[in-house]
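File shown here: coords12.cif, holding mmCIF, C-alpha atoms.
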data_query
#
loop_
_atom_site.group_PDB
_atom_site.id
_atom_site.type_symbol
_atom_site.label_atom_id
_atom_site.label_comp_id
_atom_site.auth_asym_id
_atom_site.auth_seq_id
_atom_site.Cartn_x
_atom_site.Cartn_y
_atom_site.Cartn_z
ATOM 1 C CA MET A 251 86.588 72.613 90.505
ATOM 2 C CA ASP A 252 85.669 73.828 87.022
ATOM 3 C CA LEU A 253 83.671 77.009 87.567
ATOM 4 C CA ASN A 254 82.236 76.835 84.050
ATOM 5 C CA ALA A 255 80.695 73.482 85.010
ATOM 6 C CA VAL A 256 79.407 75.002 88.255
ATOM 7 C CA ARG A 257 77.881 77.893 86.288
ATOM 8 C CA THR A 258 76.231 75.408 83.945
ATOM 9 C CA PHE A 259 74.801 73.443 86.873
ATOM 10 C CA VAL A 260 73.292 76.618 88.356
ATOM 11 C CA ALA A 261 71.812 77.560 84.970
ATOM 12 C CA VAL A 262 70.144 74.133 84.649
ATOM 13 C CA ALA A 263 68.914 74.269 88.235
ATOM 14 C CA ASP A 264 67.411 77.739 87.698
ATOM 15 C CA SER A 265 65.782 76.998 84.354
ATOM 16 C CA GLY A 266 64.797 73.389 85.073
ATOM 17 C CA GLN A 267 65.793 72.423 81.523
ATOM 18 C CA PHE A 268 69.041 71.443 79.824
ATOM 19 C CA GLN A 269 67.829 73.026 76.582
ATOM 20 C CA LYS A 270 66.957 76.377 78.176
ATOM 21 C CA ALA A 271 70.310 76.455 80.023
ATOM 22 C CA ALA A 272 72.092 75.762 76.736
ATOM 23 C CA VAL A 273 70.377 78.759 75.114
ATOM 24 C CA ASP A 274 71.148 81.012 78.086
ATOM 25 C CA LEU A 275 74.823 80.009 78.049
ATOM 26 C CA ALA A 276 75.160 80.037 74.247
ATOM 27 C CA LEU A 277 76.142 76.345 74.281
ATOM 28 C CA THR A 278 74.849 73.213 72.614
ATOM 29 C CA GLN A 279 72.699 70.927 74.710
ATOM 30 C CA GLN A 280 75.384 68.268 74.329
ATOM 31 C CA ALA A 281 78.009 70.641 75.797
ATOM 32 C CA VAL A 282 75.732 71.334 78.775
ATOM 33 C CA SER A 283 75.304 67.602 79.378
ATOM 34 C CA LYS A 284 79.066 67.042 79.218
ATOM 35 C CA ARG A 285 79.752 69.808 81.713
ATOM 36 C CA ILE A 286 77.188 68.440 84.151
ATOM 37 C CA ALA A 287 78.598 64.922 83.794
ATOM 38 C CA ALA A 288 82.137 66.218 84.450
ATOM 39 C CA LEU A 289 80.971 68.113 87.543
ATOM 40 C CA GLU A 290 79.193 65.053 88.895
ATOM 41 C CA ARG A 291 82.392 63.038 88.430
ATOM 42 C CA ASP A 292 84.321 65.711 90.348
ATOM 43 C CA VAL A 293 81.978 65.678 93.334
ATOM 44 C CA GLY A 294 81.239 61.963 93.156
ATOM 45 C CA VAL A 295 77.423 62.168 93.289
ATOM 46 C CA ARG A 296 74.473 62.762 90.977
ATOM 47 C CA LEU A 297 73.303 66.378 91.116
ATOM 48 C CA LEU A 298 70.549 66.391 88.473
ATOM 49 C CA THR A 299 68.010 63.925 87.141
ATOM 50 C CA ARG A 300 66.251 64.116 83.800
ATOM 51 C CA THR A 301 62.468 64.263 84.150
ATOM 52 C CA ALA A 302 59.533 64.501 81.800
ATOM 53 C CA ARG A 303 59.558 68.260 82.383
ATOM 54 C CA GLY A 304 63.311 68.666 81.894
ATOM 55 C CA ALA A 305 65.724 68.409 84.829
ATOM 56 C CA GLY A 306 65.333 68.188 88.579
ATOM 57 C CA LEU A 307 67.703 68.441 91.505
ATOM 58 C CA THR A 308 68.630 65.336 93.454
ATOM 59 C CA ILE A 309 68.911 65.626 97.237
ATOM 60 C CA ASP A 310 72.675 66.073 96.784
ATOM 61 C CA GLY A 311 71.966 68.656 94.096
ATOM 62 C CA GLN A 312 69.764 70.613 96.500
ATOM 63 C CA ALA A 313 72.551 70.542 99.091
ATOM 64 C CA PHE A 314 75.163 71.584 96.523
ATOM 65 C CA LEU A 315 73.206 74.456 94.929
ATOM 66 C CA PRO A 316 73.764 77.187 97.588
ATOM 67 C CA HIS A 317 77.476 76.375 97.653
ATOM 68 C CA ALA A 318 77.587 76.542 93.860
ATOM 69 C CA ARG A 319 76.043 80.017 93.985
ATOM 70 C CA ALA A 320 78.610 81.033 96.626
ATOM 71 C CA LEU A 321 81.445 79.816 94.386
ATOM 72 C CA LEU A 322 80.216 81.933 91.488
ATOM 73 C CA LEU A 323 79.783 84.949 93.745
ATOM 74 C CA ALA A 324 83.331 84.486 95.054
ATOM 75 C CA GLU A 325 84.586 84.295 91.468
ATOM 76 C CA GLU A 326 82.865 87.581 90.628
ATOM 77 C CA ARG A 327 84.188 89.294 93.748
ATOM 78 C CA ALA A 328 87.706 88.056 93.057
ATOM 79 C CA ALA A 329 87.550 89.422 89.506
ATOM 80 C CA ALA A 330 86.057 92.736 90.662
ATOM 81 C CA ALA A 331 88.864 93.132 93.214
ATOM 82 C CA VAL A 332 91.409 93.473 90.419
ATOM 83 C CA ARG A 333 89.363 94.551 87.399
ATOM 84 C CA PRO A 334 90.317 98.083 86.270
ATOM 85 C CA GLY A 335 87.482 100.559 86.631
ATOM 86 C CA SER A 336 85.421 98.443 89.004
ATOM 87 C CA ARG A 337 87.669 97.439 91.895
ATOM 88 C CA ALA A 338 87.828 99.107 95.295
ATOM 89 C CA LEU A 339 89.983 102.177 95.841
ATOM 90 C CA ARG A 340 93.375 100.693 96.754
ATOM 91 C CA VAL A 341 95.546 102.825 99.060
ATOM 92 C CA ASP A 342 98.974 102.051 100.500
ATOM 93 C CA VAL A 343 99.980 103.054 104.031
ATOM 94 C CA ILE A 344 103.304 102.532 105.814
ATOM 95 C CA GLY A 345 101.619 100.664 108.669
ATOM 96 C CA ARG A 346 98.068 99.757 109.571
ATOM 97 C CA ARG A 347 98.509 101.026 113.131
ATOM 98 C CA LEU A 348 99.955 104.405 112.208
ATOM 99 C CA SER A 349 98.208 107.761 111.925
ATOM 100 C CA LEU A 350 97.310 107.781 108.231
ATOM 101 C CA ALA A 351 95.570 104.430 108.623
ATOM 102 C CA GLY A 352 93.350 106.210 111.150
ATOM 103 C CA VAL A 353 92.732 109.036 108.684
ATOM 104 C CA LEU A 354 91.664 106.453 106.104
ATOM 105 C CA HIS A 355 89.342 104.926 108.684
ATOM 106 C CA ASP A 356 87.737 108.345 109.144
ATOM 107 C CA PHE A 357 87.343 108.600 105.359
ATOM 108 C CA HIS A 358 85.638 105.188 105.283
ATOM 109 C CA ARG A 359 83.222 106.207 108.037
ATOM 110 C CA ARG A 360 82.367 109.367 106.127
ATOM 111 C CA TYR A 361 81.952 107.531 102.797
ATOM 112 C CA PRO A 362 80.832 103.996 103.732
ATOM 113 C CA GLU A 363 79.564 103.434 100.196
ATOM 114 C CA ILE A 364 83.119 103.651 98.776
ATOM 115 C CA ALA A 365 84.846 100.263 98.743
ATOM 116 C CA LEU A 366 88.364 100.607 100.140
ATOM 117 C CA ASP A 367 91.364 98.261 100.115
ATOM 118 C CA VAL A 368 94.268 99.183 102.397
ATOM 119 C CA VAL A 369 97.645 97.629 101.561
ATOM 120 C CA THR A 370 101.181 98.022 102.935
ATOM 121 C CA LEU A 371 104.142 98.107 100.567
ATOM 122 C CA PRO A 372 107.744 97.880 101.788
ATOM 123 C CA SER A 373 109.132 101.193 100.543
ATOM 124 C CA ALA A 374 108.386 104.491 98.847
ATOM 125 C CA GLU A 375 110.077 103.222 95.692
ATOM 126 C CA ALA A 376 107.783 100.184 95.522
ATOM 127 C CA ALA A 377 104.711 102.267 96.352
ATOM 128 C CA ILE A 378 105.388 104.951 93.739
ATOM 129 C CA ALA A 379 106.089 102.272 91.119
ATOM 130 C CA ALA A 380 102.735 100.657 91.971
ATOM 131 C CA VAL A 381 100.992 104.043 91.641
ATOM 132 C CA ARG A 382 102.679 104.559 88.254
ATOM 133 C CA ASP A 383 101.622 101.091 87.065
ATOM 134 C CA GLY A 384 98.044 101.466 88.369
ATOM 135 C CA THR A 385 98.139 98.471 90.733
ATOM 136 C CA ILE A 386 97.377 100.868 93.583
ATOM 137 C CA ASP A 387 95.540 104.171 93.335
ATOM 138 C CA ALA A 388 97.374 106.213 95.956
ATOM 139 C CA THR A 389 99.986 106.005 98.680
ATOM 140 C CA PHE A 390 100.894 107.987 101.782
ATOM 141 C CA ARG A 391 104.627 108.668 101.857
ATOM 142 C CA ALA A 392 107.214 111.197 102.998
ATOM 143 C CA VAL A 393 108.367 112.216 99.516
ATOM 144 C CA THR A 394 110.792 112.396 98.097
ATOM 145 C CA MET A 395 113.686 110.204 99.205
ATOM 146 C CA PRO A 396 117.101 111.913 99.130
ATOM 147 C CA GLY A 397 118.148 112.214 95.495
ATOM 148 C CA GLN A 398 114.831 110.888 94.224
ATOM 149 C CA ARG A 399 112.441 112.632 91.836
ATOM 150 C CA LEU A 400 108.845 111.682 91.269
ATOM 151 C CA PRO A 401 108.244 110.053 87.855
ATOM 152 C CA ASP A 402 106.385 111.978 85.165
ATOM 153 C CA GLY A 403 102.642 111.953 85.737
ATOM 154 C CA ILE A 404 102.929 111.307 89.482
ATOM 155 C CA ALA A 405 101.439 114.016 91.701
ATOM 156 C CA ALA A 406 101.949 114.589 95.410
ATOM 157 C CA VAL A 407 100.354 116.980 97.870
ATOM 158 C CA PRO A 408 101.131 117.446 101.565
ATOM 159 C CA VAL A 409 98.433 116.035 103.806
ATOM 160 C CA LEU A 410 99.708 116.110 107.365
ATOM 161 C CA ASP A 411 102.759 117.306 109.280
ATOM 162 C CA GLU A 412 102.613 115.025 112.297
ATOM 163 C CA PRO A 413 104.549 116.133 115.417
ATOM 164 C CA LEU A 414 106.705 113.487 117.067
ATOM 165 C CA LEU A 415 106.334 112.676 120.744
ATOM 166 C CA LEU A 416 108.875 111.010 123.036
ATOM 167 C CA PHE A 417 107.404 107.746 124.340
ATOM 168 C CA THR A 418 108.882 106.561 127.659
ATOM 169 C CA GLY A 419 108.213 104.373 130.661
ATOM 170 C CA PRO A 420 107.632 105.898 134.120
ATOM 171 C CA GLY A 421 111.289 105.518 135.183
ATOM 172 C CA HIS A 422 112.832 107.459 132.304
ATOM 173 C CA GLU A 423 114.600 110.760 132.981
ATOM 174 C CA PHE A 424 112.063 112.725 130.924
ATOM 175 C CA ALA A 425 108.953 110.822 132.045
ATOM 176 C CA GLY A 426 107.722 113.696 134.210
ATOM 177 C CA ALA A 427 108.617 116.531 131.840
ATOM 178 C CA ALA A 428 105.913 118.737 130.352
ATOM 179 C CA SER A 429 108.055 118.873 127.199
ATOM 180 C CA VAL A 430 111.647 118.211 126.228
ATOM 181 C CA PRO A 431 113.847 120.312 123.907
ATOM 182 C CA LEU A 432 115.139 118.285 120.982
ATOM 183 C CA ALA A 433 118.756 119.137 121.846
ATOM 184 C CA ARG A 434 118.315 117.574 125.317
ATOM 185 C CA LEU A 435 117.821 114.161 123.707
ATOM 186 C CA ALA A 436 121.418 114.086 122.455
ATOM 187 C CA GLY A 437 123.190 111.120 124.031
ATOM 188 C CA HIS A 438 119.929 109.399 124.987
ATOM 189 C CA ARG A 439 119.046 106.098 123.328
ATOM 190 C CA ILE A 440 116.037 106.290 121.008
ATOM 191 C CA TRP A 441 115.098 102.693 120.232
ATOM 192 C CA MET A 442 113.373 102.133 116.865
ATOM 193 C CA PRO A 443 113.857 98.498 115.755
ATOM 194 C CA GLY A 444 111.224 98.892 113.035
ATOM 195 C CA ASN A 445 113.363 101.327 111.013
ATOM 196 C CA ALA A 446 114.103 99.233 107.935
ATOM 197 C CA PRO A 447 117.137 100.303 105.859
ATOM 198 C CA GLY A 448 116.316 101.952 102.552
ATOM 199 C CA THR A 449 112.880 103.229 103.589
ATOM 200 C CA GLU A 450 111.851 106.858 103.663
ATOM 201 C CA TRP A 451 111.092 106.763 107.390
ATOM 202 C CA SER A 452 114.571 105.379 108.103
ATOM 203 C CA ALA A 453 116.063 108.191 105.985
ATOM 204 C CA TYR A 454 113.970 110.694 107.956
ATOM 205 C CA TYR A 455 115.245 109.516 111.339
ATOM 206 C CA GLU A 456 118.848 109.265 110.109
ATOM 207 C CA GLU A 457 118.757 112.926 109.089
ATOM 208 C CA LEU A 458 117.054 113.896 112.362
ATOM 209 C CA ALA A 459 119.782 112.104 114.321
ATOM 210 C CA ALA A 460 122.541 113.733 112.281
ATOM 211 C CA ALA A 461 121.052 117.215 112.677
ATOM 212 C CA PHE A 462 120.678 117.072 116.467
ATOM 213 C CA GLY A 463 123.238 114.491 117.610
ATOM 214 C CA LEU A 464 120.658 111.862 118.536
ATOM 215 C CA THR A 465 121.305 108.159 118.931
ATOM 216 C CA ILE A 466 118.691 106.238 116.930
ATOM 217 C CA ASP A 467 119.172 102.559 117.800
ATOM 218 C CA THR A 468 117.670 100.144 115.249
ATOM 219 C CA ILE A 469 119.392 97.034 116.654
ATOM 220 C CA GLY A 470 117.244 94.088 117.676
ATOM 221 C CA PRO A 471 114.403 92.132 116.097
ATOM 222 C CA ASN A 472 111.146 93.974 115.526
ATOM 223 C CA PHE A 473 108.526 91.985 117.434
ATOM 224 C CA GLY A 474 105.842 94.639 117.005
ATOM 225 C CA VAL A 475 104.302 97.415 119.068
ATOM 226 C CA GLU A 476 103.359 95.262 122.068
ATOM 227 C CA ALA A 477 106.940 94.039 122.553
ATOM 228 C CA LEU A 478 108.236 97.601 122.119
ATOM 229 C CA ILE A 479 105.899 98.839 124.853
ATOM 230 C CA ASP A 480 106.903 96.000 127.197
ATOM 231 C CA THR A 481 110.594 96.808 126.818
ATOM 232 C CA ILE A 482 110.283 100.578 127.152
ATOM 233 C CA ALA A 483 107.882 100.303 130.093
ATOM 234 C CA GLY A 484 110.536 98.638 132.247
ATOM 235 C CA SER A 485 113.536 100.712 131.094
ATOM 236 C CA THR A 486 114.997 103.856 132.591
ATOM 237 C CA THR A 487 117.120 104.604 129.513
ATOM 238 C CA LEU A 488 115.139 103.528 126.449
ATOM 239 C CA ALA A 489 112.606 105.749 124.695
ATOM 240 C CA THR A 490 111.176 105.936 121.194
ATOM 241 C CA PHE A 491 109.448 108.413 118.919
ATOM 242 C CA LEU A 492 105.765 108.109 118.061
ATOM 243 C CA GLY A 493 103.579 110.264 115.860
ATOM 244 C CA GLU A 494 101.076 112.445 117.677
ATOM 245 C CA ARG A 495 98.159 110.668 115.977
ATOM 246 C CA THR A 496 99.434 107.110 116.390
ATOM 247 C CA PRO A 497 96.632 105.080 118.028
ATOM 248 C CA LEU A 498 98.179 103.256 120.965
ATOM 249 C CA VAL A 499 96.861 101.327 123.949
ATOM 250 C CA TRP A 500 98.979 99.852 126.732
ATOM 251 C CA PRO A 501 98.077 97.589 129.654
ATOM 252 C CA THR A 502 96.731 99.063 132.877
ATOM 253 C CA GLY A 503 99.550 99.802 135.294
ATOM 254 C CA TYR A 504 102.244 100.475 132.701
ATOM 255 C CA ASP A 505 102.014 104.261 133.266
ATOM 256 C CA MET A 506 103.577 105.103 129.898
ATOM 257 C CA ARG A 507 104.338 108.723 129.028
ATOM 258 C CA LEU A 508 104.018 110.722 125.794
ATOM 259 C CA VAL A 509 106.192 113.824 126.079
ATOM 260 C CA PRO A 510 106.011 116.666 123.524
ATOM 261 C CA VAL A 511 109.311 117.538 121.818
ATOM 262 C CA CYS A 512 110.093 121.222 121.206
ATOM 263 C CA ASP A 513 112.669 123.806 120.093
ATOM 264 C CA PRO A 514 112.111 122.720 117.301
ATOM 265 C CA THR A 515 109.324 120.167 117.089
ATOM 266 C CA PRO A 516 110.238 117.425 114.610
ATOM 267 C CA VAL A 517 107.303 116.706 112.301
ATOM 268 C CA TYR A 518 106.893 113.747 109.993
ATOM 269 C CA PRO A 519 105.489 114.971 106.655
ATOM 270 C CA HIS A 520 102.846 112.759 105.069
ATOM 271 C CA PHE A 521 102.064 113.298 101.387
ATOM 272 C CA LEU A 522 99.332 111.764 99.274
ATOM 273 C CA VAL A 523 100.855 110.427 96.055
ATOM 274 C CA TRP A 524 98.760 109.397 93.043
ATOM 275 C CA HIS A 525 98.893 109.229 89.251
ATOM 276 C CA ALA A 526 97.443 112.330 87.634
ATOM 277 C CA GLY A 527 95.793 110.163 84.957
ATOM 278 C CA ASN A 528 94.134 107.743 87.373
ATOM 279 C CA PRO A 529 90.366 107.825 86.631
ATOM 280 C CA HIS A 530 89.171 106.038 89.780
ATOM 281 C CA PRO A 531 85.988 107.865 90.843
ATOM 282 C CA ALA A 532 86.842 107.606 94.556
ATOM 283 C CA LEU A 533 90.114 109.542 94.280
ATOM 284 C CA PRO A 534 88.505 113.035 94.243
ATOM 285 C CA PRO A 535 86.458 112.345 97.411
ATOM 286 C CA LEU A 536 89.599 111.014 99.121
ATOM 287 C CA ARG A 537 91.598 114.108 98.180
ATOM 288 C CA ALA A 538 88.769 116.384 99.324
ATOM 289 C CA HIS A 539 88.567 114.581 102.649
ATOM 290 C CA LEU A 540 92.322 114.774 103.202
ATOM 291 C CA ALA A 541 92.252 118.517 102.574
ATOM 292 C CA THR A 542 90.276 118.813 105.841
ATOM 293 C CA VAL A 543 92.871 116.918 107.929
ATOM 294 C CA GLN A 544 95.320 119.826 108.179
ATOM 295 C CA PRO A 545 94.010 122.752 106.135
ATOM 296 C CA GLY A 546 96.372 125.586 105.375
ATOM 297 C CA ARG A 547 99.597 123.636 105.960
ATOM 298 C CA ALA A 548 102.526 126.042 105.659
ATOM 299 C CA ALA A 549 105.581 125.070 103.623
ATOM 300 C CA ALA A 550 107.793 125.588 106.673
ATOM 301 C CA GLU A 551 105.816 126.196 109.855
ATOM 302 C CA PRO A 552 107.869 128.156 112.395
ATOM 303 C CA GLY A 553 109.250 126.079 115.252
ATOM 304 C CA THR A 554 109.148 122.781 113.370
ATOM 305 C CA TRP A 555 111.791 120.632 111.674
ATOM 306 C CA ARG A 556 111.627 118.323 108.685
ATOM 307 C CA PRO A 557 114.352 117.128 106.301
ATOM 308 C CA VAL A 558 115.149 119.383 103.348
ATOM 309 C CA TRP A 559 114.213 116.612 100.917
ATOM 310 C CA THR A 560 110.626 116.534 102.206
ATOM 311 C CA ARG A 561 109.956 120.269 102.077
ATOM 312 C CA HIS A 562 109.108 120.450 98.403
ATOM 313 C CA GLY A 563 107.962 116.925 97.780
ATOM 314 C CA GLY A 564 105.888 117.083 94.646
ATOM 315 C CA VAL A 565 103.379 119.267 92.922
ATOM 316 C CA ALA A 566 99.705 118.587 92.408
ATOM 317 C CA PRO A 567 98.381 118.790 88.860
ATOM 318 C CA ALA A 568 96.522 121.945 87.892
#
Serialized structure, structure tokens:
Amino acid sequence: MDLNAVRTFVAVADSGQFQKAAVDLALTQQAVSKRIAALERDVGVRLLTRTARGAGLTIDGQAFLPHARALLLAEERAAAAVRPGSRALRVDVIGRRLSLAGVLHDFHRRYPEIALDVVTLPSAEAAIAAVRDGTIDATFRAVTMPGQRLPDGIAAVPVLDEPLLLFTGPGHEFAGAASVPLARLAGHRIWMPGNAPGTEWSAYYEELAAAFGLTIDTIGPNFGVEALIDTIAGSTTLATFLGERTPLVWPTGYDMRLVPVCDPTPVYPHFLVWHAGNPHPALPPLRAHLATVQPGRAAAEPGTWRPVWTRHGGVAPA
């Protein structure tokens, strides 16, 4: 449907005159008439009638008018969603059910007046490229990938070092443990089918496995969190790693266990990455809010482990 014709119809309906609508739209009266005629052909009914006073709505026109207004509103919202300087703050997260998505939810509750779009991009490379190009405003990533440097103009600050927990069913060897030393997990099968090759989280777990002799099993289709819980719940040998802040609910009776890992505690480092020249007015409030998530984060907190390539992942602009 031609939205210019719809806009013309609404202008005539509001003004009650073809001539007044033509002035408002900076068109000739003949152009207004042609647009209305084309719209009526599209919908197959008469929408307006000429009267002594100008123009009036037919019964079909009265029925069509609220939908016409909705079409124009949808057009404006669609344009605003992508228009630089007016669209919502667009932030990328690795997964909508992971911890940083929850942190963003807290930010939204604190600043409900800030429009927020949450997207998920497939890799750090794609996310940082989108930040550089301005198609997203910020991303949460474990920067940088091995051998990767942040492009000029891209800033990154640490936001959260999230401890990993061992997630098991009730029959697993470590299900009843108060904690488990990382070295004790050597030889045990850690099942993580969602670890996609070439991603920063896959690189993180590969280095963790190499450093402590772990077996990270990525074999098998990734059917999502619910299927993962079902499988681990009934297994005496399978376990997985979850972030401490990962929101998770399992069915009553599953008796799942979240066991702290220690000596050292592996932490997944989340950084906020953005373009230093990005003028979006909601970026400063987001950065200020994130500074309260884990204030005073040390570069290398004693008793924790993270890959070398994440320990100095970026510098914030002065």
Output of the PyMOL selection byres ((chain A and resi 315-328) around 12), listed as a PyMOL selection string: chain A and resi 251-264+289+293+297-298+306-314+329-333+336-338
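Distance annotation: of A:Asp513, A:Glu423, A:Asp274, A:Glu450, the residue with the minimal separation from Ser485 of chain A is A:Glu423; atom set is all atoms listed in the file.
Atom pair atom CA of His355 of chain A / atom CA of Val381 of chain A has a distance of 20.7 Å (rounded to one decimal).
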Among listed residues A:Val353, A:Leu508, A:Ala271, A:Ile364, nearest Pro534 of chain A (using only C-alpha atoms):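 Result for the nearest residue to Pro534 of chain A: A:Ile364.
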Nearest to Val543 of chain A, chosen from A:Ser265, A:Ser429, A:Ser349, A:Thr299, with all atoms listed in the file counted in the distances: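 Closest to Val543 of chain A of all the choices is A:Ser349.
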Residues within 9 Å of segment 467-483 of chain A, all atoms listed in the file, excluding chain neighbours under 6 positions, as a ChimeraX atom specification: /A:417-422,439-446,489-490,498,500,504-506
Next, the residues of the selection above should be written as a short mmCIF file (atom, residue, chain, number, x, y, z; two decimals), in the coordinates of the input with C-alpha atoms.
data_model
loop_
_atom_site.label_atom_id
_atom_site.label_comp_id
_atom_site.auth_asym_id
_atom_site.auth_seq_id
_atom_site.Cartn_x
_atom_site.Cartn_y
_atom_site.Cartn_z
CA PHE A 417 107.40 107.75 124.34
CA THR A 418 108.88 106.56 127.66
CA GLY A 419 108.21 104.37 130.66
CA PRO A 420 107.63 105.90 134.12
CA GLY A 421 111.29 105.52 135.18
CA HIS A 422 112.83 107.46 132.30
CA ARG A 439 119.05 106.10 123.33
CA ILE A 440 116.04 106.29 121.01
CA TRP A 441 115.10 102.69 120.23
CA MET A 442 113.37 102.13 116.86
CA PRO A 443 113.86 98.50 115.76
CA GLY A 444 111.22 98.89 113.04
CA ASN A 445 113.36 101.33 111.01
CA ALA A 446 114.10 99.23 107.94
CA ALA A 489 112.61 105.75 124.70
CA THR A 490 111.18 105.94 121.19
CA LEU A 498 98.18 103.26 120.96
CA TRP A 500 98.98 99.85 126.73
CA TYR A 504 102.24 100.48 132.70
CA ASP A 505 102.01 104.26 133.27
CA MET A 506 103.58 105.10 129.90
#
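One distance worth recording is that between atom CA of Ala453 of chain A and atom CA of Gly345 of chain A, which is 16.5 Å.
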Residue members of the PyMOL selection byres ((chain A and resi 462) around 8) in the file shown, as a PyMOL selection string: chain A and resi 432-433+436+458-461+463-464
Emit the selected residues as a PDB file, keeping the file's coordinate frame, including C-alpha atoms.
ATOM      1  CA  LEU A 432     115.139 118.285 120.982  1.00  0.00           C
ATOM      2  CA  ALA A 433     118.756 119.137 121.846  1.00  0.00           C
ATOM      3  CA  ALA A 436     121.418 114.086 122.455  1.00  0.00           C
ATOM      4  CA  LEU A 458     117.054 113.896 112.362  1.00  0.00           C
ATOM      5  CA  ALA A 459     119.782 112.104 114.321  1.00  0.00           C
ATOM      6  CA  ALA A 460     122.541 113.733 112.281  1.00  0.00           C
ATOM      7  CA  ALA A 461     121.052 117.215 112.677  1.00  0.00           C
ATOM      8  CA  GLY A 463     123.238 114.491 117.610  1.00  0.00           C
ATOM      9  CA  LEU A 464     120.658 111.862 118.536  1.00  0.00           C
TER      10      LEU A 464
END
Å distance separating atom CA of Ala532 of chain A from atom CA of Glu494 of chain A, one decimal place: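 Going from atom CA of Ala532 of chain A over to atom CA of Glu494 of chain A covers 27.6 Å.
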Given the PyMOL selection byres ((chain A and resi 557) around 10), the residues it picks as a PyMOL selection string: chain A and resi 392+395-396+453-458+461+516-519+555-556+558-561
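Closest approach to Ala388 of chain A among A:Ala374, A:Arg360, A:Leu414, A:Thr496: A:Ala374, based on all atoms listed in the file.
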Pick from A:Arg300, A:His525, A:Lys270, A:Arg291 nearest to Ala405 of chain A, counting only C-alpha atoms: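 Ranking A:Arg300, A:His525, A:Lys270, A:Arg291 by distance to Ala405 of chain A, first place goes to A:His525.
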Spatial neighbours of Ile378 of chain A, 10 Å, all atoms listed in the file, chain gap at least 3 places, as JSON, numbers by chain: {"A": [342, 371, 373, 374, 375, 381, 382, 383, 384, 386, 387, 388, 389, 390, 391, 393, 400, 401, 404, 523, 524, 525]}
Among the residues A:Phe357, A:Trp451, A:Phe268, A:Phe491, the one that comes closest to Leu415 of chain A [using all atoms listed in the file]: A:Phe491
Taking every listed atom of segment 316-323 of chain A and adding 3 Å to each side, what centre and edge lengths in Å (one decimal) does the axis-aligned box have, as AutoDock Vina command-line options?
--center_x 77.6 --center_y 80.7 --center_z 94.6 --size_x 13.7 --size_y 14.6 --size_z 12.2
Residue neighbourhood Pro535 of chain A, 12 Å, all atoms listed in the file, exclusion window fewer than 6 positions, as a PyMOL selection string: chain A and resi 339+354+357-358+360-364+541-542
